[in-house]
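Report on one structure; see the data block that follows.
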Amino acid sequence: MPAQRILHWLVPIIGGLAAVAALAGLWPASGTPYPLTTFRGEQVMINARGLYYWDTVSSAAQMQANDAVMLALGVPLLAVAHALSRRGWLRARLLLAGTLGFILYTYLTMCVGAQYNPLFLVYTALFSLSLFALIIVMSWFDLTTLPNHFANNLPHGPIAGLLFLTAAFLTVAWLGRIVASFGPDAVPALENTTSMFIQALDLAIIVPLGVLGGSLLLRRHAAGYLLAAIGLTKFLTLGTAVSVMAWNMARVGVAISPVELVIFPALTLAGMSMNAILFKHVKE
């Protein structure tokens with residue numbers, strides 16, 4: 001079976017499972033959170049309600065915000081990009097790759113970061129299906145001709161600058177949190193998880209994506225255009241998700257850094273602008 005035919009039934013399955021997972025996470029439930037001291041001595045509040053019963057109040061607020069963004073932005077983007085990519089539109093294929101990257105990242109974090117719940121196999125399926133769907137989409141692009149599909153007046157510098165800025169912000173923010181845990185009496189802020197999995201994924205995947213994509217784009221390298229398109233879409237969805245997370249955490253009484261409340265929405269708006277500029281300069 002040709003790879004494109006596989007994708008035609010794979011993407012709807014991904015969209016359907018993502019919608020189910022998001023709705024399950026947002027489904028109203030009653031309960032009373034209670035305090036818990038972890039074996040590391042961290043004081044946390046267990047959510048004690050809904051799908052995220054065993055997660056902390058902070059983690060549950062973040063995951064429900066991500067569910068809302070997945071339902072309102074991720075799934076619709078996936079459907080539109082898939083439908084238009086079947087017509088051979090390059091913009092749609094670039095958007096599809098970026099959206100699949102967002103879904104892949106989201107459910108990888110759910111597999112390793114969420115407390116075990118009845119949707120574990122759904123998270124695993126979404127991680128696996130979006131990974132192989134992304135591989136198939138990436139194989140569509142002919143890197144020998146891809147730069148010719150972008151207008152000569154594409155603002156390479158500002159786009160690369162946003163990729164570098166996002167990578168630098170994540171590096172500083174996450175290394176600061178990691179280094180703070182090195183003190184002899186320090187209690188790492190793990191939120192009842194086993195490790196800093198978000199920091200690991202961002203430093204291992206998102207930061208290199210920004211640095212490599214920006215560097216190659218400045219050199220007019222073919223892979224730079226592809227990585228920049230994927231990175232901008234990922235940063236747009238990531239920024240939107242984190243911005244909603246911050247609002248939702250503040251709503252349930254979790255302390256939020258004022259810096260995060262300002263920077264992530266700003267990065268989201270910048271990502272939205274640069275996405276529009278990039279896609280405007282694509283020549284079908």
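Each chain of the structure tokens is named A, B, ... in the order shown, its residues numbered from 1; ligands are numbered from 1 in display order.
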Check the DSSP output for the backbone and give back, as a ChimeraX atom specification, the residues of segment 37-276 of chain A in alpha helix (DSSP H). /A:57-69,75-85,90-113,120-140,156-179,197-201,207-218,222-251,258-276
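The shell of residues at most 10 Å from Ala255 of chain A, with only C-alpha atoms counted and near chain neighbours (fewer than 6 positions) removed, consists of Ser58, Ala246 and Met249 of chain A.
The closest residue to Ala61 of chain A, picked from A:Ala18, A:Ala270, A:Val137, A:Val242 and counting only C-alpha atoms, is A:Val242.
Going from atom CA of Leu227 of chain A over to atom CA of Val179 of chain A, you cover 29.7 Å.
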Tell me which of A:Gly25, A:Gly88, A:Gly213, A:Gly101 sits closest to Pro118 of chain A, counting only C-alpha atoms.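 Answer, going by the shortest atom-to-atom distance: A:Gly25.
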Could you name the residues that touch Ala168 of chain A at 9 Å or less, counting only C-alpha atoms, but leaving out those on the same chain fewer than 6 positions away, as a list of chain:residue names? A:Val207, A:Gly210, A:Val211
Could you take the residues named above and write them with C-alpha atoms, as a PDB file, in the first residue's frame?
ATOM      1  CA  VAL A 207      15.835  23.574  21.630  1.00  0.00           C
ATOM      2  CA  GLY A 210      15.101  25.861  16.981  1.00  0.00           C
ATOM      3  CA  VAL A 211      18.883  26.202  16.783  1.00  0.00           C
TER       4      VAL A 211
END
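Between Leu95 of chain A and the residues A:Leu190, A:Val172, A:Leu236, A:Ser273, the shortest atom-to-atom distance, using only C-alpha atoms, involves A:Leu236.
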Show which residues sit within 12 Å of Phe102 of chain A, as an MDAnalysis selection string. Count only C-alpha atoms, and ignore same-chain residues fewer than 2 positions away. chainID A and resid 18 66 69:70 73:75 77:78 95:100 104:109 126:127 130:131 134 205:206 230:241
Please provide as a PyMOL selection string all residues within 9 Å of segment 195-198 of chain A, with the sequence filter that same-chain residues fewer than 2 positions apart are discarded (counting only C-alpha atoms). chain A and resi 109+112-113+174+178+188-190+192-193+200-203
One number please: atom CA of Met245 of chain A to atom CA of Ala65 of chain A, in Å, one decimal. 4.9 Å
For Leu143 of chain A, please output as a ChimeraX atom specification all residues within 9 Å (counting only C-alpha atoms; exclusion window: fewer than 5 positions along the same chain). /A:221-223,226
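Closest approach to Leu90 of chain A among A:Ile103, A:Val282, A:Ala151, A:Ala250 is made by A:Val282 (distances from only C-alpha atoms).
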Using DSSP on the backbone, list every residue of segment 2-101 of chain A that comes out as strand (DSSP E or B), and give them as a list in words.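 Everything in segment 2-101 of chain A that counts as strand (DSSP E or B) is Tyr34, Pro35, Leu36, Thr37, Gln43, Val44, Met45, Ile46 and Thr56 of chain A.
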For Lys283 of chain A, which residue out of A:Val80, A:Leu146, A:Ala133, A:Met110 is the nearest one, using only C-alpha atoms?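 That would be A:Leu146, the residue with the smallest distance to Lys283 of chain A.
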